[in-house]
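Notes follow the structure.
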Amino acid sequence: MTSIDGFNGIGTTPPMAAGGPTHPADPISPVVTQTEPEASPSDACSKPSRRTAVGILAGLAAGTALEVSSPTSHAAAAAGLAQAPQAAGNPMPEAQLGFRSRRAFFPVPDAALVRPLGQVAPDEGTPAPVPYAGSPGLGIPLGGFGAGAFMINQSGTFGPWSFGGQQGSSWEMRALPQAAFHVREQVGGEAATVRTLATDGPIDPESGKEIWQSPLPAWNRLAPGEGRYAALYPFGFTSYEPFATDVSMRFFSPIEAGEDRRTSLPVAYFDVKVANNTRQTRTVSVMFTMPNAPAHVAGTHADESVRLGPPSIRKGFTSRYDQRGPIHAVTLGADSPENTPDSARSEWTIATWAGRDQVVSHVTSWNAEGDGADVYQPFRTTGRLPDRSLDASHSAGALSVSVTLRPGASSTISFVLAWDFPQVAFADNSTVWMRRYTNFYGARETKTNEYVEGSYPFGQGFAIASDALRDHDDALSAVCRWWEPIATEKAYPTVLRSAALNQLAELTWNNSFWEGGLVRHSAVATGFATAGPGQHLNASVKGSHLFGIQDTIAGGVSGMGETTDIQVYNYRAYFHLFPNVQRDRLLASIESVQRSFNGNAHDLYSTLNNPYITFGNAQDAPIQGGTDSRPPKPGSSQWLDSPSKFIFQWYAFATMTEDRSFLRQAWPAIKAEITWLKGTIPAGQHLPSDPPAFSNPFNIVPQGPGPALFNSELYLLALTVAIAAGEQLHTDRDYVAGLRADLVAAKAEFEAAFWDVEAKHYRFATAGPYTKASTISAFYAQHLAESVKLPDLLDPLRHQQELNSQYRNFRSFDDDGEVTGAPLLFQPGGLAGPDGTVPFETDWVMVGDNFSAAADYLTSARRFQQPQLRSYALELAQAVATQIWLRPRNGLAFAAPWAWFPDDAGKYVYPGYSQALAVWDVLEAIKPLTSL
């Protein structure tokens, strides 16, 4: 087997996984395939030339010879790619990282996930015990934060969809058959080669139905394997083999770290590069077709069981052609009084910048309900469109750009897709917000952050598209400034770079919400006496723009909101890259402490409720969602981790952004949360008492009644943060002195209650069936404390002893002997109950906890000078990343789950789960992100 980056082999025999079989000694298994020389990400960031270039083609690495090929040789190469032999018993090739061709395609970075276009693996994954499933073949989502998004999937089509709001509570498994790119290539009077740059959608082997739709039947689609698909968020790359001309595409949205305007835009760039490395002059035409598509389609959601609100309505279609200098555009609109807020006065615009020697033609309307022959025929015949409408439906439009290339010449054709769906709605359309991007196109807000009626002009599709085309090169540079240092950093193992960057897609994809002003709401906001202007969270925060994502986007009530006990795992990526997006969300959580009657911060973004307007759980709800809305009670209060995690987030944000004023704003909330936590401590004791279930992300794993390791350690963190905050703010000296005494007593009780002297590890719990168990998450809170330079929460010698005595116990293996990650618990003799079965969750590989544990092992290896701990950490992190990104049969790429079974990552729970962004903490532990 191929070794993992940075792993030198521990040489131990894998122990009995918790409840699982023992495998031969081979702790390494994730295979990182790199069959071609590496491409430089800086090449991937190369600016397009809108004029025809002759000679050495831009984008080829220095020293790479130009390949002069015949159409026959490329056809043979395509056939070889499509029919490559497969390993016995494995019908699809595994994914690989990086790809380089001698053809003049856009270079693919070495960390990019690469798959044969259209060769979507059969879905062998099994969601269990809840039915919400991932899907093989997902890809890069396009769209800004909170703007609505769709994926360019591995078939090359546009879908699935996640356009936000109450209707966006789970993704819509649909693609647009009418949306595609098409290429026509011709030499002189010879017959032209005309292909649509997408394959048919994958087939569900059980139902025999398409998982998502195929391109229209009149179009000459690609066969699976006639191209490659590569993804390294926010960039996607595709290349195509059937042409003698070298044809490839780069697509991306302008996600810029620390910036609002570009990051919010409803914009997708598509750069089509054509290069003629033959001995004959060739004319190449590229057509972009797009329907007048709805934002939401009923019956396509991953989870139709929840209330999705009134069906989305989009009627009153219009279309038009605009030209402003070199910019040509077709805009498809919808304006009807019957339209729901999510679609009111909405538009799609496809646009291109005509470079020198590029000829543009268009169709303003063709029949999106037909077979596509009406728009395909003129393009197939001449490469030109008739510059008029083909019908009166206004249901679809098209642009075509033609260029003639002499031998050795290349050209890049830049398209933009922009959309203007300016409103997002919740609570059955009774609450409506403007999207963040509208603030940069006229939408204004009052001092209390309500939208100023009439300030947004609507109909901004063409303006957004034309601005994006003019900004293309600067936007590309802005994205590459933060992306390239991560993508190129060789200190980070390749698969971890891939995992970290691609996982950022959730910030666009997981029902991303970023508001640009409150249009209306009728409900009385939680903690307020009346409804009306200024009666909502953050009304007193000047220029507030609230942000949120769901924990998961693939379905399941427990994931249809943003919960702090999950999102805190992602703090490193959030605060390092996008503190501008996170600040107002955190300020709202601070205010929620004041507005809630029990003094506990609450989770505020949930499509099941009225996000940022109403929050909290019913007092009689047996399971309190995310945070407990009841008065604190020892052994009964749920989610005891959340208050400590809120406190940590507030402090970490202030520390990482060096914002002392933010910490001062958080101080009253920190004190209130400490008070709530103390209410969960029995009289005469010093640590919180956990409930029997739902005390933290481990859900139904028994941890109480009584103190348990995870929440007790987090309580030590909360006290330590509060002491540090009070000292830095030079405030409440007597209160802080009392906290120091509390911390001394709590630490002493912690060590006495949890340290197992003989086994040399901290016990998972003090009551229940797992008092002898150790856990992969033993040092979660300790690691958080170290990450913001706080004092140790527990005995460092014992920390070191446990890591060394236990890491060999934390490997799970599949039937092929491949490491799948670390189980939550290990207990001598196994975890099985009296009936012989291992209870749910106890031995699952929990993705976020595995990444966080790997980060702790890495920092501890350096601190304690223990290289074997580093080796294990790299093995663990790469094993988990490999199961998500390099094993297509699991169906987890762009749908990383919360957890999977120890012997099979294809048996997973809650895909599309955002906790996997904890991989950024691993990068930080390897090499500080601020040093890049």
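Residue numbering restarts at 1 in every chain; chains get A, B, ... in the order shown in the structure tokens, and ligands count up from 1 in that same order.
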
Do you know which residues are at most 6 Å from stretch 844-861 of chain A counting only C-alpha atoms, after dropping those on the same chain fewer than 2 positions away, and could you put them as a PyMOL selection string?
chain A and resi 783+821-824+841-842+863-867+869-870+873+877+898-902+915-916+918-919+921-922+925

As a ChimeraX atom specification, list the residues of stretch 787-900 of chain A assigned to alpha helix (DSSP H) by DSSP on the backbone atoms of this structure.
/A:787,796-806,847-864,867-885

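Restricting the calculation to only C-alpha atoms, the smallest distance between A:Ala893 and any of A:Ser498, A:Thr318, A:Asn580, A:Thr508 is found for A:Ser498.
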
What does the distance from atom CA of A:Ser544 to atom CA of A:Glu445 come to in Å, to one decimal?
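Interatomic distance here is 9.8 Å.
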
Would you work out the distance separating atom CA of A:Leu222 from atom CA of A:Asp371, expressed in Å to one decimal?
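Those two atoms sit 16.6 Å apart.
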
Excluding same-chain residues fewer than 5 positions from A:Pro622, what lies within 12 Å of it counting only C-alpha atoms, as number ranges by chain?
A: 617, 628-630, 636-638, 691, 693-694
